[in-house]
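**Student:** Below are the structure tokens for one structure; questions will follow.
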Amino acid sequence: MLPKLKILIIEDSQELLEQLSDSIRSTIELFDRPDIEMSVVEAISVSRALDVVRNDGEIQAVVFSWDTTVLLDEVSMSTSLNQAKKKEKPKLENNAVVISAIKAIRRELPVYVLGDAIKGLDIVNQASGMESFFYRNDIISDPESILGYIINDFDDRNETPFWTAYKDYVVEANDSWHTPGHSGGASFRNSPYISDFYRFFGRNVFVSDLSVSVDSLGSLSDGTHAIGRAQANVANTFEVRQSYFVTNGSSTSNKIILQTLLREGDKVIADRNCHKSVHYGIVQARAMPVYLDSVFNPDYGIFSPPRLSQLKEVIEANTDAKLIVLTGCTYDGLLTDLKQVVALGHKYGIKVFIDEAWFAYSLFHPQFREYSAIEAGADYVTHSAHKVVSAFSQASFIHVNDPDFDRDFFKEIYSIHTSTSPKYQLMASLDVCRQQLEMEGYKILNELLANVEELKQQVARFSRIRILEKADFARVFPHFEQDNTGHDPLKILIDISALEYSNQEIHRFLMDEVGLEIEKFTHSTILVLLTLGGMRSKIVRLYNALKKLDEGKVSLNKSKSRSVIPATIPPINLVELPSKAFFGKRESIDWQDSAGRIAAGLVTPYPPGIPLLIPGQLIEDDHINYLRSLSNQKLTIQGLYDGELYVKCPDQ
């Protein structure tokens, strides 16, 4: 299975199109590249070309003949232009819109323009976004010039600086006189007790477990050599100023950003539903959070992004805030219109940080790009590269787009949180993760979206099980349409409320039937994530299991009652800096006797995963009653220890 380099040629003269195609095809063998499969695809019109770009994810270069006649309606589907009400089909004066239309589908796709050499400079001035310009007649007589250029750009995009250098070093089998102490697995191989550990994982895992003593590969903390080049490639692919590898998860990435940007007492506007790493990062930075209310729906047991109207009110009441922190995509796939958020924040000089852990592929398909944090202009973005794209667990990206970025202080905070002995396999996985998103991210996402759409059409025939759609979310969240909230269809939220079985029984059946470990479930829904590893056969197996459940062709115990989570979560009333309560003297007391005390720790029931108590918060009767309403349900409540929670000592 070789990588495919398909070159799309756009020319409306059949004779010229054949000449260009034949010239490039005849030259392919001269380059002696057995490692890639090269071919040419022809398009006699722009509309045909755009269809190819949409549907063939293996197109890796576009050659556009500038003199091609382009009609307005050919590009109106891919740009903001709208000709629906006009009967005439005028010719465009500036063909640069074709490049924009291609980039609107696939931003990463290089476009090479062919034209009259005399007009070359004018074309360059008109056409932003093109990769390079070539004289058309030169391509026909000497096609090696453009093909060499295309192959070189393909190789640059496909480059993995760290993974390639790392692999080459490991293959050399150097004699190890440095850490780690197992010396390429020798201490495992030669032991009668732990040799099975070596055999299970295999030789490459151990010989590739290297030390920071390998200078040629670079330093993670300093971003040097191969590591630095790999991080620069990530920044280029994600279209940001700088990107960084993090090898201990996006929880750490979030804390690094928060501690870089916030000082003691600084205000930070935060979504209450943010990941707990955000709450702990605020504590570590000794900042003062101003929390946005959670919008929770008890029918489905899920929460939505915060209301933008409240965000506007909070910003205007706290114009001295330093930072806004939101989750770009909720666990269940609900998406905030981040362009509005960034505009609101930047109007008052407030930086915007988006935790996009569950949406790392947002830039790589037009269906998602509208809700991308980077596209929206967020100053800081974190991606859990291991959650939905192809990196190892704990592998994470930090992306920086802030023109006021304090790189030196960031590096100090980065060093506080980063191990001096990072796992090289994790860094290599981040390098190839970028490579895949750059080279085939669009193709994979396009296939996944088509598969999900087919699954929805089939499930729509069921009588009891439903896959929730945007219309369902708009019905239960009044601000959904007003705020232009979106939904990621790769987060498949399935309504099982009409089934007569308990969640535990359904979970057990899906595990036994298809080996499906449910990502998350509430009293009425189950969540299934489709990631870049989501093969069609998995979707078929899921459908088969759901069909059996819907038809009742299962032997499961029926349940007459379902526990419902309270609709209203008591508000947060902070009476002091969270850090003061968290780091001060604390004691544990029975949660039922904690009213009137100041919380010293985070208390979060799962589901719904919304913090009930924050350090520095006054515990009130409403919080006790909320916990009491959950006490008979089989929920995990983080922050409760044997029925007790931590509060600030009264003399502090």
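In the structure tokens, the first chain shown is A, the next is B, and so on; residue numbers restart at 1 for each chain, and ligands run from 1 in the order shown.
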Could you go through range 391-578 of chain A and tell me which residues DSSP, when run on the backbone, assigns to strand (DSSP E or B), listing them as a PDB file with N, CA, C and O atoms, in the first residue's frame?
**Tutor:**
ATOM      1  N   SER A 396      -0.147  15.310  23.165  1.00  0.00           N
ATOM      2  CA  SER A 396      -0.972  16.509  23.053  1.00  0.00           C
ATOM      3  C   SER A 396      -0.225  17.606  22.301  1.00  0.00           C
ATOM      4  O   SER A 396       1.006  17.643  22.292  1.00  0.00           O
ATOM      5  N   PHE A 397      -1.001  18.494  21.666  1.00  0.00           N
ATOM      6  CA  PHE A 397      -0.453  19.687  21.012  1.00  0.00           C
ATOM      7  C   PHE A 397      -0.879  20.942  21.769  1.00  0.00           C
ATOM      8  O   PHE A 397      -2.022  21.044  22.224  1.00  0.00           O
ATOM      9  N   ILE A 398       0.033  21.897  21.875  1.00  0.00           N
ATOM     10  CA  ILE A 398      -0.305  23.278  22.233  1.00  0.00           C
ATOM     11  C   ILE A 398      -0.058  24.128  21.001  1.00  0.00           C
ATOM     12  O   ILE A 398       1.015  24.065  20.396  1.00  0.00           O
ATOM     13  N   HIS A 399      -1.070  24.929  20.608  1.00  0.00           N
ATOM     14  CA  HIS A 399      -0.935  25.838  19.471  1.00  0.00           C
ATOM     15  C   HIS A 399      -1.035  27.275  19.967  1.00  0.00           C
ATOM     16  O   HIS A 399      -1.929  27.601  20.758  1.00  0.00           O
ATOM     17  N   VAL A 400      -0.147  28.129  19.484  1.00  0.00           N
ATOM     18  CA  VAL A 400      -0.099  29.530  19.921  1.00  0.00           C
ATOM     19  C   VAL A 400      -0.275  30.444  18.714  1.00  0.00           C
ATOM     20  O   VAL A 400       0.446  30.332  17.726  1.00  0.00           O
ATOM     21  N   ARG A 466     -33.006   6.102  18.623  1.00  0.00           N
ATOM     22  CA  ARG A 466     -32.798   7.240  17.721  1.00  0.00           C
ATOM     23  C   ARG A 466     -31.376   7.765  17.865  1.00  0.00           C
ATOM     24  O   ARG A 466     -30.805   7.730  18.953  1.00  0.00           O
ATOM     25  N   ILE A 467     -30.828   8.254  16.764  1.00  0.00           N
ATOM     26  CA  ILE A 467     -29.591   9.031  16.822  1.00  0.00           C
ATOM     27  C   ILE A 467     -29.986  10.499  16.852  1.00  0.00           C
ATOM     28  O   ILE A 467     -30.717  10.975  15.977  1.00  0.00           O
ATOM     29  N   GLY A 486     -23.283  24.343  16.852  1.00  0.00           N
ATOM     30  CA  GLY A 486     -23.198  23.249  15.892  1.00  0.00           C
ATOM     31  C   GLY A 486     -23.111  21.908  16.581  1.00  0.00           C
ATOM     32  O   GLY A 486     -23.151  21.803  17.811  1.00  0.00           O
ATOM     33  N   HIS A 487     -22.996  20.860  15.762  1.00  0.00           N
ATOM     34  CA  HIS A 487     -22.827  19.516  16.307  1.00  0.00           C
ATOM     35  C   HIS A 487     -21.891  18.718  15.415  1.00  0.00           C
ATOM     36  O   HIS A 487     -21.992  18.759  14.183  1.00  0.00           O
ATOM     37  N   LYS A 491     -19.568  12.444  16.806  1.00  0.00           N
ATOM     38  CA  LYS A 491     -19.961  12.109  18.175  1.00  0.00           C
ATOM     39  C   LYS A 491     -21.406  11.616  18.092  1.00  0.00           C
ATOM     40  O   LYS A 491     -22.355  12.399  18.034  1.00  0.00           O
ATOM     41  N   ILE A 492     -21.590  10.323  18.052  1.00  0.00           N
ATOM     42  CA  ILE A 492     -22.911   9.733  17.810  1.00  0.00           C
ATOM     43  C   ILE A 492     -23.615   9.546  19.153  1.00  0.00           C
ATOM     44  O   ILE A 492     -23.283   8.646  19.935  1.00  0.00           O
ATOM     45  N   LEU A 493     -24.585  10.416  19.427  1.00  0.00           N
ATOM     46  CA  LEU A 493     -25.340  10.357  20.682  1.00  0.00           C
ATOM     47  C   LEU A 493     -26.654   9.638  20.397  1.00  0.00           C
ATOM     48  O   LEU A 493     -27.483  10.116  19.612  1.00  0.00           O
ATOM     49  N   ILE A 494     -26.828   8.508  21.042  1.00  0.00           N
ATOM     50  CA  ILE A 494     -27.957   7.613  20.749  1.00  0.00           C
ATOM     51  C   ILE A 494     -28.961   7.659  21.894  1.00  0.00           C
ATOM     52  O   ILE A 494     -28.610   7.408  23.057  1.00  0.00           O
ATOM     53  N   ASP A 495     -30.195   7.977  21.566  1.00  0.00           N
ATOM     54  CA  ASP A 495     -31.281   8.035  22.549  1.00  0.00           C
ATOM     55  C   ASP A 495     -31.834   6.626  22.755  1.00  0.00           C
ATOM     56  O   ASP A 495     -32.410   6.029  21.842  1.00  0.00           O
ATOM     57  N   TYR A 501     -34.554  -1.589  29.088  1.00  0.00           N
ATOM     58  CA  TYR A 501     -33.417  -2.179  29.774  1.00  0.00           C
ATOM     59  C   TYR A 501     -32.623  -1.098  30.504  1.00  0.00           C
ATOM     60  O   TYR A 501     -32.614   0.061  30.102  1.00  0.00           O
ATOM     61  N   LYS A 520     -19.423   6.986  26.880  1.00  0.00           N
ATOM     62  CA  LYS A 520     -20.139   7.635  27.984  1.00  0.00           C
ATOM     63  C   LYS A 520     -21.610   7.284  27.880  1.00  0.00           C
ATOM     64  O   LYS A 520     -22.148   7.143  26.780  1.00  0.00           O
ATOM     65  N   PHE A 521     -22.278   7.148  29.016  1.00  0.00           N
ATOM     66  CA  PHE A 521     -23.722   6.978  28.949  1.00  0.00           C
ATOM     67  C   PHE A 521     -24.393   7.737  30.081  1.00  0.00           C
ATOM     68  O   PHE A 521     -23.814   7.987  31.133  1.00  0.00           O
ATOM     69  N   THR A 525     -29.100   8.113  27.266  1.00  0.00           N
ATOM     70  CA  THR A 525     -28.292   8.133  26.043  1.00  0.00           C
ATOM     71  C   THR A 525     -27.024   7.311  26.202  1.00  0.00           C
ATOM     72  O   THR A 525     -26.550   7.074  27.320  1.00  0.00           O
ATOM     73  N   ILE A 526     -26.489   6.906  25.055  1.00  0.00           N
ATOM     74  CA  ILE A 526     -25.135   6.369  25.010  1.00  0.00           C
ATOM     75  C   ILE A 526     -24.375   7.144  23.940  1.00  0.00           C
ATOM     76  O   ILE A 526     -24.946   7.558  22.927  1.00  0.00           O
ATOM     77  N   LEU A 527     -23.102   7.359  24.203  1.00  0.00           N
ATOM     78  CA  LEU A 527     -22.266   8.118  23.277  1.00  0.00           C
ATOM     79  C   LEU A 527     -21.232   7.195  22.653  1.00  0.00           C
ATOM     80  O   LEU A 527     -20.509   6.482  23.351  1.00  0.00           O
ATOM     81  N   VAL A 528     -21.167   7.226  21.327  1.00  0.00           N
ATOM     82  CA  VAL A 528     -20.181   6.450  20.574  1.00  0.00           C
ATOM     83  C   VAL A 528     -19.341   7.431  19.767  1.00  0.00           C
ATOM     84  O   VAL A 528     -19.885   8.264  19.036  1.00  0.00           O
ATOM     85  N   LEU A 529     -18.029   7.347  19.898  1.00  0.00           N
ATOM     86  CA  LEU A 529     -17.133   8.246  19.172  1.00  0.00           C
ATOM     87  C   LEU A 529     -16.586   7.574  17.925  1.00  0.00           C
ATOM     88  O   LEU A 529     -16.099   6.442  17.984  1.00  0.00           O
ATOM     89  N   LYS A 558     -35.220  -6.494  32.234  1.00  0.00           N
ATOM     90  CA  LYS A 558     -35.926  -5.238  32.021  1.00  0.00           C
ATOM     91  C   LYS A 558     -35.898  -4.402  33.287  1.00  0.00           C
ATOM     92  O   LYS A 558     -35.886  -4.916  34.398  1.00  0.00           O
ATOM     93  N   LEU A 574     -18.177  32.190  44.948  1.00  0.00           N
ATOM     94  CA  LEU A 574     -16.810  32.216  45.465  1.00  0.00           C
ATOM     95  C   LEU A 574     -16.657  33.344  46.477  1.00  0.00           C
ATOM     96  O   LEU A 574     -17.016  34.491  46.197  1.00  0.00           O
TER      97      LEU A 574
END
**Student:** Quick one: residues within 12 Å of Gly596 in chain A, only C-alpha atoms counted, chain neighbours fewer than 4 positions away excluded, as an MDAnalysis selection string?
**Tutor:** chainID A and resid 573 575 591:592 616:624 647:648 650
**Student:** Store the residues of this selection in a file with N, CA, C and O atoms, as an mmCIF file, in the first residue's frame.
**Tutor:**
data_model
loop_
_atom_site.group_PDB
_atom_site.id
_atom_site.type_symbol
_atom_site.label_atom_id
_atom_site.label_comp_id
_atom_site.auth_asym_id
_atom_site.auth_seq_id
_atom_site.Cartn_x
_atom_site.Cartn_y
_atom_site.Cartn_z
ATOM 1 N N ASN A 573 -20.686 30.364 44.301
ATOM 2 C CA ASN A 573 -20.528 31.624 45.029
ATOM 3 C C ASN A 573 -19.146 31.623 45.675
ATOM 4 O O ASN A 573 -18.956 31.092 46.766
ATOM 5 N N VAL A 575 -16.091 33.008 47.634
ATOM 6 C CA VAL A 575 -15.900 34.019 48.674
ATOM 7 C C VAL A 575 -14.424 34.353 48.872
ATOM 8 O O VAL A 575 -14.096 35.271 49.632
ATOM 9 N N TRP A 591 -20.136 15.238 54.187
ATOM 10 C CA TRP A 591 -20.682 16.196 53.229
ATOM 11 C C TRP A 591 -22.030 16.746 53.666
ATOM 12 O O TRP A 591 -22.398 17.875 53.346
ATOM 13 N N GLN A 592 -22.787 15.952 54.422
ATOM 14 C CA GLN A 592 -24.111 16.400 54.853
ATOM 15 C C GLN A 592 -24.036 17.484 55.927
ATOM 16 O O GLN A 592 -25.035 18.152 56.208
ATOM 17 N N GLY A 616 -12.751 27.539 47.489
ATOM 18 C CA GLY A 616 -13.059 28.941 47.717
ATOM 19 C C GLY A 616 -14.540 29.248 47.660
ATOM 20 O O GLY A 616 -14.957 30.398 47.850
ATOM 21 N N GLN A 617 -15.349 28.233 47.421
ATOM 22 C CA GLN A 617 -16.790 28.406 47.273
ATOM 23 C C GLN A 617 -17.499 28.168 48.605
ATOM 24 O O GLN A 617 -17.180 27.233 49.336
ATOM 25 N N LEU A 618 -18.473 28.999 48.895
ATOM 26 C CA LEU A 618 -19.312 28.800 50.075
ATOM 27 C C LEU A 618 -20.287 27.666 49.797
ATOM 28 O O LEU A 618 -21.043 27.707 48.818
ATOM 29 N N ILE A 619 -20.264 26.632 50.645
ATOM 30 C CA ILE A 619 -21.174 25.498 50.494
ATOM 31 C C ILE A 619 -22.518 25.874 51.119
ATOM 32 O O ILE A 619 -22.585 26.282 52.278
ATOM 33 N N GLU A 620 -23.571 25.744 50.342
ATOM 34 C CA GLU A 620 -24.903 26.127 50.796
ATOM 35 C C GLU A 620 -25.824 24.918 50.831
ATOM 36 O O GLU A 620 -25.484 23.839 50.327
ATOM 37 N N ASP A 621 -27.009 25.118 51.399
ATOM 38 C CA ASP A 621 -27.968 24.011 51.515
ATOM 39 C C ASP A 621 -28.330 23.437 50.155
ATOM 40 O O ASP A 621 -28.562 22.226 50.027
ATOM 41 N N ASP A 622 -28.377 24.294 49.125
ATOM 42 C CA ASP A 622 -28.719 23.805 47.781
ATOM 43 C C ASP A 622 -27.707 22.767 47.299
ATOM 44 O O ASP A 622 -28.075 21.808 46.606
ATOM 45 N N HIS A 623 -26.433 22.959 47.644
ATOM 46 C CA HIS A 623 -25.405 21.990 47.235
ATOM 47 C C HIS A 623 -25.596 20.661 47.976
ATOM 48 O O HIS A 623 -25.445 19.582 47.383
ATOM 49 N N ILE A 624 -25.928 20.749 49.245
ATOM 50 C CA ILE A 624 -26.171 19.529 50.031
ATOM 51 C C ILE A 624 -27.369 18.787 49.459
ATOM 52 O O ILE A 624 -27.340 17.552 49.297
ATOM 53 N N VAL A 647 -12.881 20.843 53.446
ATOM 54 C CA VAL A 647 -13.259 22.243 53.635
ATOM 55 C C VAL A 647 -12.093 22.971 54.294
ATOM 56 O O VAL A 647 -11.190 22.365 54.882
ATOM 57 N N LYS A 648 -12.133 24.267 54.200
ATOM 58 C CA LYS A 648 -11.097 25.098 54.810
ATOM 59 C C LYS A 648 -11.268 25.098 56.329
ATOM 60 O O LYS A 648 -12.390 25.174 56.846
ATOM 61 N N PRO A 650 -11.609 26.451 59.968
ATOM 62 C CA PRO A 650 -12.274 27.705 60.346
ATOM 63 C C PRO A 650 -11.331 28.803 60.809
ATOM 64 O O PRO A 650 -11.666 29.982 60.739
#
**Student:** Quick one: residues within 9 Å of Leu546 in chain A, only C-alpha atoms counted, chain neighbours fewer than 4 positions away excluded, as JSON, numbers by chain?
**Tutor:** {"A": [459, 465, 510, 541, 542, 550, 551]}
**Student:** Let me see the file: selected residues, all heavy atoms, as a PDB file, in the first residue's frame.
**Tutor:**
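The resulting file, part_25.pdb, is reproduced below:
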ATOM      1  N   VAL A 459     -30.798   3.831  10.928  1.00  0.00           N
ATOM      2  CA  VAL A 459     -31.355   3.861  12.292  1.00  0.00           C
ATOM      3  C   VAL A 459     -32.687   4.609  12.319  1.00  0.00           C
ATOM      4  O   VAL A 459     -33.538   4.341  13.176  1.00  0.00           O
ATOM      5  CB  VAL A 459     -30.337   4.497  13.263  1.00  0.00           C
ATOM      6  CG1 VAL A 459     -30.957   4.762  14.633  1.00  0.00           C
ATOM      7  CG2 VAL A 459     -29.112   3.592  13.414  1.00  0.00           C
ATOM      8  N   ILE A 465     -35.030   3.235  19.111  1.00  0.00           N
ATOM      9  CA  ILE A 465     -33.703   3.857  19.235  1.00  0.00           C
ATOM     10  C   ILE A 465     -33.574   4.972  18.198  1.00  0.00           C
ATOM     11  O   ILE A 465     -33.981   4.819  17.044  1.00  0.00           O
ATOM     12  CB  ILE A 465     -32.592   2.811  19.042  1.00  0.00           C
ATOM     13  CG1 ILE A 465     -32.586   1.820  20.210  1.00  0.00           C
ATOM     14  CG2 ILE A 465     -31.230   3.479  18.919  1.00  0.00           C
ATOM     15  CD1 ILE A 465     -31.567   0.720  20.068  1.00  0.00           C
ATOM     16  N   LEU A 510     -23.749  -4.577  24.600  1.00  0.00           N
ATOM     17  CA  LEU A 510     -22.902  -4.027  23.540  1.00  0.00           C
ATOM     18  C   LEU A 510     -21.467  -4.520  23.671  1.00  0.00           C
ATOM     19  O   LEU A 510     -20.785  -4.766  22.674  1.00  0.00           O
ATOM     20  CB  LEU A 510     -22.953  -2.501  23.569  1.00  0.00           C
ATOM     21  CG  LEU A 510     -24.277  -1.865  23.146  1.00  0.00           C
ATOM     22  CD1 LEU A 510     -24.250  -0.361  23.362  1.00  0.00           C
ATOM     23  CD2 LEU A 510     -24.590  -2.178  21.686  1.00  0.00           C
ATOM     24  N   ARG A 541     -21.108  -3.372  12.634  1.00  0.00           N
ATOM     25  CA  ARG A 541     -21.311  -4.190  13.839  1.00  0.00           C
ATOM     26  C   ARG A 541     -22.142  -3.425  14.869  1.00  0.00           C
ATOM     27  O   ARG A 541     -22.996  -4.005  15.548  1.00  0.00           O
ATOM     28  CB  ARG A 541     -19.962  -4.601  14.426  1.00  0.00           C
ATOM     29  CG  ARG A 541     -19.201  -5.598  13.574  1.00  0.00           C
ATOM     30  CD  ARG A 541     -18.069  -6.262  14.345  1.00  0.00           C
ATOM     31  NE  ARG A 541     -17.023  -5.336  14.719  1.00  0.00           N
ATOM     32  CZ  ARG A 541     -15.981  -5.015  13.938  1.00  0.00           C
ATOM     33  NH1 ARG A 541     -15.882  -5.555  12.726  1.00  0.00           N
ATOM     34  NH2 ARG A 541     -15.057  -4.171  14.354  1.00  0.00           N
ATOM     35  N   LEU A 542     -21.892  -2.120  14.989  1.00  0.00           N
ATOM     36  CA  LEU A 542     -22.685  -1.308  15.903  1.00  0.00           C
ATOM     37  C   LEU A 542     -24.143  -1.311  15.456  1.00  0.00           C
ATOM     38  O   LEU A 542     -25.057  -1.487  16.287  1.00  0.00           O
ATOM     39  CB  LEU A 542     -22.150   0.128  15.925  1.00  0.00           C
ATOM     40  CG  LEU A 542     -23.018   1.165  16.648  1.00  0.00           C
ATOM     41  CD1 LEU A 542     -23.123   0.843  18.132  1.00  0.00           C
ATOM     42  CD2 LEU A 542     -22.458   2.573  16.439  1.00  0.00           C
ATOM     43  N   ASP A 550     -33.254  -2.676  19.372  1.00  0.00           N
ATOM     44  CA  ASP A 550     -34.485  -2.001  18.985  1.00  0.00           C
ATOM     45  C   ASP A 550     -35.627  -2.997  18.781  1.00  0.00           C
ATOM     46  O   ASP A 550     -36.780  -2.713  19.124  1.00  0.00           O
ATOM     47  CB  ASP A 550     -34.252  -1.206  17.704  1.00  0.00           C
ATOM     48  CG  ASP A 550     -35.445  -0.367  17.307  1.00  0.00           C
ATOM     49  OD1 ASP A 550     -35.679   0.661  17.982  1.00  0.00           O
ATOM     50  OD2 ASP A 550     -36.160  -0.737  16.353  1.00  0.00           O
ATOM     51  N   GLU A 551     -35.300  -4.158  18.221  1.00  0.00           N
ATOM     52  CA  GLU A 551     -36.325  -5.168  17.949  1.00  0.00           C
ATOM     53  C   GLU A 551     -36.623  -6.044  19.161  1.00  0.00           C
ATOM     54  O   GLU A 551     -37.525  -6.884  19.103  1.00  0.00           O
ATOM     55  CB  GLU A 551     -35.879  -6.034  16.767  1.00  0.00           C
ATOM     56  CG  GLU A 551     -35.789  -5.265  15.448  1.00  0.00           C
ATOM     57  CD  GLU A 551     -35.187  -6.089  14.327  1.00  0.00           C
ATOM     58  OE1 GLU A 551     -34.618  -7.176  14.617  1.00  0.00           O
ATOM     59  OE2 GLU A 551     -35.270  -5.649  13.159  1.00  0.00           O
TER      60      GLU A 551
END
**Student:** Return as a ChimeraX atom specification the full set of residues in range 229-271 of chain A whose backbone-based DSSP assignment is helix (DSSP H, G or I).
**Tutor:** /A:229-237,249-261
**Student:** Name all residues at most 9 Å from Ala428 in chain A (count only C-alpha atoms; drop same-chain ones fewer than 2 positions away) and give them as a list in words.
**Tutor:**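 The residues satisfying every condition are Thr160, Phe162, Trp163, Thr164, Tyr166, Ala391, Tyr424, Gln425, Leu426, Leu430, Asp431, Val432 and Cys433 of chain A.
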**Student:** I need the chosen residues saved as a PDB file, in the first residue's frame, with C-alpha atoms.
**Tutor:**
ATOM      1  CA  THR A 160       8.346  13.506   9.491  1.00  0.00           C
ATOM      2  CA  PHE A 162      11.519  13.510  14.245  1.00  0.00           C
ATOM      3  CA  TRP A 163      10.087  10.099  13.362  1.00  0.00           C
ATOM      4  CA  THR A 164      12.533   9.648  10.471  1.00  0.00           C
ATOM      5  CA  TYR A 166      14.401   8.622  15.496  1.00  0.00           C
ATOM      6  CA  ALA A 391      -1.304   9.662  18.418  1.00  0.00           C
ATOM      7  CA  TYR A 424      10.234   9.406  22.534  1.00  0.00           C
ATOM      8  CA  GLN A 425       7.484   7.162  21.169  1.00  0.00           C
ATOM      9  CA  LEU A 426       4.921   9.795  22.166  1.00  0.00           C
ATOM     10  CA  LEU A 430       2.695  13.373  17.311  1.00  0.00           C
ATOM     11  CA  ASP A 431       4.978  13.752  14.296  1.00  0.00           C
ATOM     12  CA  VAL A 432       3.159  11.084  12.251  1.00  0.00           C
ATOM     13  CA  CYS A 433      -0.225  12.298  13.535  1.00  0.00           C
TER      14      CYS A 433
END
**Student:** Have a look at A:Pro422, A:Gly377, A:Pro607, A:Pro478 and name the one nearest to Phe238 in chain A; count only C-alpha atoms.
**Tutor:**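 Closest candidate: A:Gly377.
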**Student:** Show me, as CSV, the residues of range 173-285 of chain A having an atom within 12 Å of range 87-110 of chain A, each with the closest atom pair and its distance in Å, using only C-alpha atoms.
**Tutor:**
residue,atom,partner,partner_atom,distance
A:Asn236,CA,A:Glu108,CA,9.8
A:Thr237,CA,A:Glu108,CA,7.5
A:Phe238,CA,A:Glu108,CA,9.5
A:Glu239,CA,A:Glu108,CA,9.7
**Student:** What would the file look like if the residues just selected were written as a tab-separated table (two decimals), in the first residue's frame with all heavy atoms?
**Tutor:**
chain	number	residue	atom	x	y	z
A	236	ASN	N	2.91	24.74	10.86
A	236	ASN	CA	2.58	25.01	9.47
A	236	ASN	C	1.28	24.32	9.06
A	236	ASN	O	0.41	24.92	8.41
A	236	ASN	CB	3.72	24.56	8.56
A	236	ASN	CG	3.50	24.93	7.11
A	236	ASN	OD1	3.42	26.09	6.76
A	236	ASN	ND2	3.39	23.92	6.26
A	237	THR	N	1.13	23.06	9.45
A	237	THR	CA	-0.08	22.31	9.11
A	237	THR	C	-1.32	22.92	9.77
A	237	THR	O	-2.38	23.02	9.15
A	237	THR	CB	0.07	20.83	9.52
A	237	THR	OG1	1.01	20.21	8.64
A	237	THR	CG2	-1.25	20.08	9.43
A	238	PHE	N	-1.19	23.34	11.02
A	238	PHE	CA	-2.33	23.88	11.76
A	238	PHE	C	-2.47	25.40	11.58
A	238	PHE	O	-3.36	26.00	12.19
A	238	PHE	CB	-2.22	23.53	13.24
A	238	PHE	CG	-2.62	22.12	13.55
A	238	PHE	CD1	-1.69	21.09	13.51
A	238	PHE	CD2	-3.94	21.81	13.87
A	238	PHE	CE1	-2.05	19.78	13.80
A	238	PHE	CE2	-4.31	20.51	14.16
A	238	PHE	CZ	-3.37	19.49	14.12
A	239	GLU	N	-1.59	26.00	10.78
A	239	GLU	CA	-1.69	27.41	10.42
A	239	GLU	C	-1.64	28.33	11.65
A	239	GLU	O	-2.46	29.24	11.80
A	239	GLU	CB	-2.96	27.66	9.61
A	239	GLU	CG	-3.04	26.82	8.35
A	239	GLU	CD	-4.35	27.00	7.59
A	239	GLU	OE1	-5.15	27.88	7.97
A	239	GLU	OE2	-4.57	26.26	6.63
**Student:** Determine the nearest neighbour of Asp483 in chain A from the options A:Leu220, A:Cys274, A:Ile598, A:Leu334, counting only C-alpha atoms.
**Tutor:**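 Closest to Asp483 in chain A, using only C-alpha atoms: A:Leu334.
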**Student:** Which residues of range 437-464 of chain A come within 10 Å of range 39-63 of chain A, and what is each one's closest atom pair and distance in Å (one decimal), counting only C-alpha atoms, sorted by chain and residue number, as CSV?
**Tutor:**
residue,atom,partner,partner_atom,distance
A:Met439,CA,A:Gln60,CA,7.6
A:Glu440,CA,A:Gly57,CA,6.7
A:Gly441,CA,A:Gly57,CA,8.4
A:Tyr442,CA,A:Gly57,CA,6.2
A:Lys443,CA,A:Gly57,CA,4.1
A:Ile444,CA,A:Gly57,CA,7.8
A:Leu445,CA,A:Gly57,CA,9.4
A:Asn446,CA,A:Gly57,CA,7.9
A:Glu447,CA,A:Gly57,CA,9.2
**Student:** Point out the residue among A:Ser251, A:Gln340, A:Ser65, A:Ser502 with the least atom-to-atom distance to Ser309 in chain A, counting only C-alpha atoms.
**Tutor:** A:Gln340
**Student:** Could you tell me how far CA of Ile518 in chain A sits from CA of Val564 in chain A, in Å to one decimal place?
**Tutor:** 19.6 Å
**Student:** At what distance in Å, to one decimal, does CA of Leu16 in chain A lie from CA of Asn137 in chain A?
**Tutor:**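 Between CA of Asn137 in chain A and CA of Leu16 in chain A the gap works out to 9.9 Å.
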**Student:** Suppose you want the space between CA of Ile151 in chain A and CA of Ala230 in chain A; what is it in Å?
**Tutor:**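 Value for the CA of Ile151 in chain A-CA of Ala230 in chain A distance: 19.9 Å.
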**Student:** Measuring between only C-alpha atoms, which one of A:Lys4, A:Phe473, A:Leu549, A:Ser579 shows the shortest distance to Tyr280 in chain A?
**Tutor:**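 Residue with the minimum atom-to-atom distance to Tyr280 in chain A: A:Ser579.
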**Student:** Using only C-alpha atoms, which protein or nucleic acid residues come within 7 Å of Pro180 in chain A? Drop anything in the same chain fewer than 3 positions from it, and give the result as a PyMOL selection string.
**Tutor:** chain A and resi 183+210-211
**Student:** Can you spit out the residues from that selection as a short mmCIF file (atom, residue, chain, number, x, y, z; two decimals), in the first residue's frame, using N, CA, C and O atoms?
**Tutor:**
data_model
loop_
_atom_site.label_atom_id
_atom_site.label_comp_id
_atom_site.auth_asym_id
_atom_site.auth_seq_id
_atom_site.Cartn_x
_atom_site.Cartn_y
_atom_site.Cartn_z
N SER A 183 18.68 -0.81 29.11
CA SER A 183 19.64 -0.92 28.00
C SER A 183 19.07 -1.64 26.78
O SER A 183 19.55 -2.69 26.35
N LEU A 210 14.51 5.53 24.36
CA LEU A 210 15.80 6.20 24.43
C LEU A 210 15.86 7.22 25.56
O LEU A 210 14.89 7.47 26.26
N SER A 211 16.99 7.84 25.65
CA SER A 211 17.25 8.83 26.68
C SER A 211 17.44 10.19 26.05
O SER A 211 17.75 10.31 24.86
#
